[in-house]
Structure formats: C-alpha cells, structure tokens
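S.K.: Before anything else, here's the structure in question.
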Amino acid sequence: TVLSSIGTPGIPGGSFVILTVVLTSIGIPAEGLALIIGIDRPLDMLRTSVNVTGDAVIAAIIDKK
C-alpha cells in the first residue's frame, strides 16, 4: 500500500484505480468500490482542507522563527 500511495496522482478521485487493484488483491470484489466512491468524495474534501490548513500553520510557524 505504500508503493500504491506513492504512485497515486494528486487529483480528486485519482486513487480509485489504485484502490481497485488493492481491493482485488485482498479478495474484495471491485463492485464494492461503488460504495467507497459515494462516501469518499465528502471525506476527500475534508482531508484536503485539513492538509491545506496544516500546511498554512506550519508555514506561519516557520515564518515567525
């Protein structure tokens, strides 16, 4: 999974191709991905906002030093 996360493009929904490969390799059918896609979009937006906020806070901390 580490290698698959490195190869994932930085676009919304870009991880679904990699996720399909990982799920099928552990025995979960690719049809289960439909449920994950429906749930992941709002969670992806939250992850992005937390990531951007964290980057801004760290940049502000480094700027003050």
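Every chain in the structure tokens has a letter given in the order shown (A, B, ...), and although residue numbers restart at 1 in each chain, ligands are simply numbered from 1 in the order shown.
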Using DSSP secondary structure from the backbone, list all alpha helix (DSSP H) positions within chain A, as number ranges by chain.
M.R.: A: 2-6, 16-25, 33-64
S.K.: Just N, CA and C atoms for this one: save the residues we selected as a short mmCIF file (atom, residue, chain, number, x, y, z; two decimals), in the first residue's frame.
M.R.:
data_model
loop_
_atom_site.label_atom_id
_atom_site.label_comp_id
_atom_site.auth_asym_id
_atom_site.auth_seq_id
_atom_site.Cartn_x
_atom_site.Cartn_y
_atom_site.Cartn_z
N VAL A 2 2.06 1.19 0.53
CA VAL A 2 2.93 2.36 0.50
C VAL A 2 3.31 2.67 -0.94
N LEU A 3 3.67 1.65 -1.69
CA LEU A 3 4.02 1.88 -3.09
C LEU A 3 2.83 2.40 -3.89
N SER A 4 1.64 1.90 -3.59
CA SER A 4 0.47 2.39 -4.32
C SER A 4 0.15 3.82 -3.95
N SER A 5 0.40 4.23 -2.72
CA SER A 5 0.13 5.62 -2.35
C SER A 5 1.14 6.57 -2.98
N ILE A 6 2.35 6.11 -3.20
CA ILE A 6 3.34 6.95 -3.87
C ILE A 6 2.96 7.15 -5.33
N PHE A 16 -8.76 5.95 -7.03
CA PHE A 16 -9.71 4.86 -7.22
C PHE A 16 -9.16 3.73 -8.08
N VAL A 17 -8.32 4.05 -9.04
CA VAL A 17 -7.71 3.00 -9.87
C VAL A 17 -6.79 2.14 -9.00
N ILE A 18 -5.96 2.79 -8.20
CA ILE A 18 -5.06 2.07 -7.31
C ILE A 18 -5.86 1.30 -6.26
N LEU A 19 -6.93 1.91 -5.76
CA LEU A 19 -7.76 1.25 -4.75
C LEU A 19 -8.40 -0.01 -5.30
N THR A 20 -8.81 0.01 -6.56
CA THR A 20 -9.38 -1.18 -7.18
C THR A 20 -8.37 -2.32 -7.21
N VAL A 21 -7.13 -2.01 -7.54
CA VAL A 21 -6.08 -3.03 -7.58
C VAL A 21 -5.83 -3.59 -6.18
N VAL A 22 -5.77 -2.71 -5.19
CA VAL A 22 -5.51 -3.16 -3.82
C VAL A 22 -6.66 -4.02 -3.30
N LEU A 23 -7.90 -3.57 -3.54
CA LEU A 23 -9.06 -4.32 -3.04
C LEU A 23 -9.15 -5.71 -3.67
N THR A 24 -8.92 -5.80 -4.98
CA THR A 24 -8.99 -7.11 -5.62
C THR A 24 -7.84 -8.02 -5.18
N SER A 25 -6.71 -7.43 -4.84
CA SER A 25 -5.58 -8.26 -4.39
C SER A 25 -5.82 -8.86 -3.01
N LEU A 33 -16.33 -1.07 -4.64
CA LEU A 33 -15.77 0.26 -4.80
C LEU A 33 -16.85 1.32 -4.98
N ALA A 34 -18.02 0.94 -5.49
CA ALA A 34 -19.10 1.90 -5.69
C ALA A 34 -19.52 2.54 -4.37
N LEU A 35 -19.58 1.76 -3.32
CA LEU A 35 -19.92 2.29 -2.00
C LEU A 35 -18.84 3.23 -1.50
N ILE A 36 -17.60 2.85 -1.71
CA ILE A 36 -16.49 3.68 -1.25
C ILE A 36 -16.46 5.01 -2.00
N ILE A 37 -16.73 4.99 -3.30
CA ILE A 37 -16.73 6.22 -4.09
C ILE A 37 -17.78 7.19 -3.58
N GLY A 38 -18.96 6.68 -3.24
CA GLY A 38 -20.03 7.55 -2.74
C GLY A 38 -19.70 8.20 -1.42
N ILE A 39 -18.96 7.51 -0.59
CA ILE A 39 -18.63 8.04 0.74
C ILE A 39 -17.36 8.89 0.70
N ASP A 40 -16.45 8.58 -0.20
CA ASP A 40 -15.13 9.20 -0.17
C ASP A 40 -15.11 10.65 -0.62
N ARG A 41 -16.00 11.07 -1.47
CA ARG A 41 -15.94 12.43 -2.00
C ARG A 41 -16.01 13.50 -0.90
N PRO A 42 -17.02 13.45 0.00
CA PRO A 42 -17.02 14.46 1.07
C PRO A 42 -15.82 14.31 2.02
N LEU A 43 -15.40 13.08 2.26
CA LEU A 43 -14.23 12.87 3.12
C LEU A 43 -12.97 13.41 2.47
N ASP A 44 -12.87 13.29 1.15
CA ASP A 44 -11.72 13.82 0.43
C ASP A 44 -11.65 15.33 0.57
N MET A 45 -12.79 15.99 0.51
CA MET A 45 -12.80 17.45 0.68
C MET A 45 -12.34 17.83 2.09
N LEU A 46 -12.74 17.08 3.09
CA LEU A 46 -12.30 17.35 4.46
C LEU A 46 -10.80 17.10 4.62
N ARG A 47 -10.31 16.01 4.04
CA ARG A 47 -8.87 15.71 4.12
C ARG A 47 -8.06 16.82 3.47
N THR A 48 -8.54 17.33 2.34
CA THR A 48 -7.83 18.39 1.65
C THR A 48 -7.79 19.66 2.48
N SER A 49 -8.92 20.02 3.09
CA SER A 49 -8.95 21.25 3.89
C SER A 49 -8.05 21.12 5.12
N VAL A 50 -8.00 19.96 5.74
CA VAL A 50 -7.11 19.76 6.88
C VAL A 50 -5.65 19.83 6.43
N ASN A 51 -5.34 19.26 5.29
CA ASN A 51 -3.98 19.28 4.77
C ASN A 51 -3.54 20.71 4.47
N VAL A 52 -4.39 21.49 3.81
CA VAL A 52 -4.05 22.87 3.46
C VAL A 52 -3.90 23.72 4.73
N THR A 53 -4.81 23.53 5.69
CA THR A 53 -4.72 24.27 6.94
C THR A 53 -3.44 23.93 7.69
N GLY A 54 -3.10 22.67 7.74
CA GLY A 54 -1.86 22.26 8.40
C GLY A 54 -0.63 22.85 7.72
N ASP A 55 -0.62 22.86 6.40
CA ASP A 55 0.50 23.45 5.67
C ASP A 55 0.62 24.94 5.97
N ALA A 56 -0.52 25.64 6.05
CA ALA A 56 -0.51 27.08 6.33
C ALA A 56 -0.02 27.36 7.75
N VAL A 57 -0.43 26.54 8.70
CA VAL A 57 0.01 26.73 10.09
C VAL A 57 1.51 26.50 10.21
N ILE A 58 2.01 25.45 9.61
CA ILE A 58 3.45 25.18 9.66
C ILE A 58 4.24 26.29 8.98
N ALA A 59 3.74 26.79 7.85
CA ALA A 59 4.43 27.89 7.17
C ALA A 59 4.45 29.14 8.06
N ALA A 60 3.36 29.42 8.77
CA ALA A 60 3.32 30.57 9.67
C ALA A 60 4.28 30.39 10.84
N ILE A 61 4.37 29.18 11.37
CA ILE A 61 5.30 28.92 12.48
C ILE A 61 6.74 29.09 12.03
N ILE A 62 7.06 28.57 10.87
CA ILE A 62 8.43 28.70 10.35
C ILE A 62 8.74 30.15 10.04
N ASP A 63 7.77 30.91 9.56
CA ASP A 63 7.97 32.32 9.22
C ASP A 63 8.29 33.14 10.47
N LYS A 64 7.73 32.78 11.60
CA LYS A 64 7.95 33.54 12.84
C LYS A 64 9.32 33.29 13.44
#
